[in-house]
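Here the structure comes first, spelled out in structure tokens, and everything after it is commentary.
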Amino acid sequence: MNKKACIIMPTYNEAANLAELLPQVFEQADKIPTHELHLLVVDDNSPDRTGSVVAEWMKHNPHLHLLSGQKAGLGEAYKRGMATHSQPFNRT
């Protein structure tokens, strides 16, 4: 079993960009055969419903994950993402 590599991507109002961005990120998975690539989107209630768009994409990609919470800034989003990444992903 390969090790996991996780990209942590804080977002805010990125719904319009996800259709282009997500496929480009996952296209890179074949370039790192030693690791299983995961993407953790940390979205704190974007008014454009970025989290809902990610949730739809998650239905078709088991390596895409979403973490939501209260908006507390970019640094806090990265910290929460790193804390989550250190534990197994929960897709519920």
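In the structure tokens, each chain is lettered A, B, ... as it comes, each chain's residues begin at 1, and ligands are numbered from 1 in order of appearance.
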
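Look at A:Arg49: the protein and nucleic acid residues within 8 Å of it, using only C-alpha atoms and passing over chain neighbours fewer than 3 places away, are Asn13, Ala15, Asn45, Ser46, Ser52 and Val53 of chain A.
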
Item to check | Spatial neighbours of A:His60, 12 Å, only C-alpha atoms, chain gap at least 5 places, as a ChimeraX atom specification | outcome: /A:22-23,53-55,65

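Take atom CA of A:Asp30 and atom CA of A:Gly81: the distance between them is 23.6 Å.
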
Next on the checklist: Residues near A:Cys6, anyone? I mean within 10 Å using only C-alpha atoms, not counting same-chain ones fewer than 3 positions away, as number ranges by chain.
Outcome noted: A: 3, 9, 35-40, 63-65, 81-82, 85-86

Checklist entry - What lies within 12 Å of A:Thr50 using only C-alpha atoms, ignoring chain neighbours under 4 positions off, as a list in words? => result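 Within the cut-off, the hits are Pro10, Thr11, Tyr12, Asn13, Glu14, Ala15, Ala16, Asn17, Leu18, Ala19, Val41, Val42, Asp43, Asp44, Asn45, Ser46, Val54, Ala55, Glu56, Trp57, Leu66, Leu67 and Ser68 of chain A.
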
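Using only C-alpha atoms, the contacts of A:Pro33 at a cut-off of 12 Å, with sequence neighbours closer than 5 positions omitted, comprise A:Met1, A:Asn2, A:Lys3, A:Lys4, A:Ala5, A:Gln28.
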
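Distance-wise, atom CA of A:Asn61 and atom CA of A:Phe26 end up 9.4 Å apart.
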
Item to check | Test item, alpha helix (DSSP H) assignment across chain A, answer as a ChimeraX atom specification | outcome: /A:15-27,50-58,74-85

Saved selection, atoms kept: C-alpha atoms, as a short mmCIF file (atom, residue, chain, number, x, y, z; two decimals), in the first residue's frame:
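Below you can see again-v4.cif, which holds the result:
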```cif
data_model
loop_
_atom_site.label_atom_id
_atom_site.label_comp_id
_atom_site.auth_asym_id
_atom_site.auth_seq_id
_atom_site.Cartn_x
_atom_site.Cartn_y
_atom_site.Cartn_z
CA ALA A 15 -16.70 27.66 -6.47
CA ALA A 16 -16.21 29.04 -9.99
CA ASN A 17 -12.59 27.84 -10.11
CA LEU A 18 -13.07 24.27 -8.90
CA ALA A 19 -14.18 22.75 -12.21
CA GLU A 20 -10.78 23.65 -13.66
CA LEU A 21 -8.64 23.26 -10.56
CA LEU A 22 -9.72 19.87 -9.19
CA PRO A 23 -9.07 17.84 -12.36
CA GLN A 24 -5.67 19.51 -12.75
CA VAL A 25 -4.67 18.56 -9.19
CA PHE A 26 -5.72 14.93 -9.61
CA GLU A 27 -3.99 14.65 -13.00
CA THR A 50 -17.71 26.39 -2.47
CA GLY A 51 -18.23 23.65 0.10
CA SER A 52 -21.34 22.39 -1.70
CA VAL A 53 -19.44 22.21 -4.98
CA VAL A 54 -16.67 20.21 -3.30
CA ALA A 55 -19.25 17.90 -1.72
CA GLU A 56 -20.65 17.12 -5.18
CA TRP A 57 -17.18 16.34 -6.54
CA MET A 58 -16.54 14.09 -3.53
CA LEU A 74 -5.82 31.34 6.42
CA GLY A 75 -3.35 30.22 9.08
CA GLU A 76 -6.06 28.60 11.17
CA ALA A 77 -7.43 26.84 8.09
CA TYR A 78 -4.02 25.30 7.40
CA LYS A 79 -3.64 24.27 11.05
CA ARG A 80 -7.03 22.57 11.08
CA GLY A 81 -6.22 20.86 7.79
CA MET A 82 -2.91 19.56 9.13
CA ALA A 83 -4.57 18.31 12.32
CA THR A 84 -7.19 16.49 10.24
CA HIS A 85 -4.63 15.06 7.85
#
```

Checklist entry - Using the chain letters and numbers from this document, which residues of stretch 24-56 of chain A does DSSP assign to strand (DSSP E or B), as a list in words? => result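 The residues of stretch 24-56 of chain A classed as strand (DSSP E or B) are His35, Glu36, Leu37, His38, Leu39, Leu40, Val41, Val42 and Asp43 of chain A.
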
What would the file look like if the residues just selected were written as a PDB file, in the first residue's frame with C-alpha atoms?
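Produced file selection.pdb, reproduced below:
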```pdb
ATOM      1  CA  HIS A  35       2.049   7.931  -2.963  1.00  0.00           C
ATOM      2  CA  GLU A  36      -1.731   8.049  -3.068  1.00  0.00           C
ATOM      3  CA  LEU A  37      -2.705  11.678  -3.709  1.00  0.00           C
ATOM      4  CA  HIS A  38      -5.475  13.240  -1.614  1.00  0.00           C
ATOM      5  CA  LEU A  39      -6.826  16.787  -1.597  1.00  0.00           C
ATOM      6  CA  LEU A  40      -8.312  18.293   1.547  1.00  0.00           C
ATOM      7  CA  VAL A  41     -10.328  21.436   0.862  1.00  0.00           C
ATOM      8  CA  VAL A  42     -10.763  23.603   3.952  1.00  0.00           C
ATOM      9  CA  ASP A  43     -13.711  25.873   3.275  1.00  0.00           C
TER      10      ASP A  43
END
```
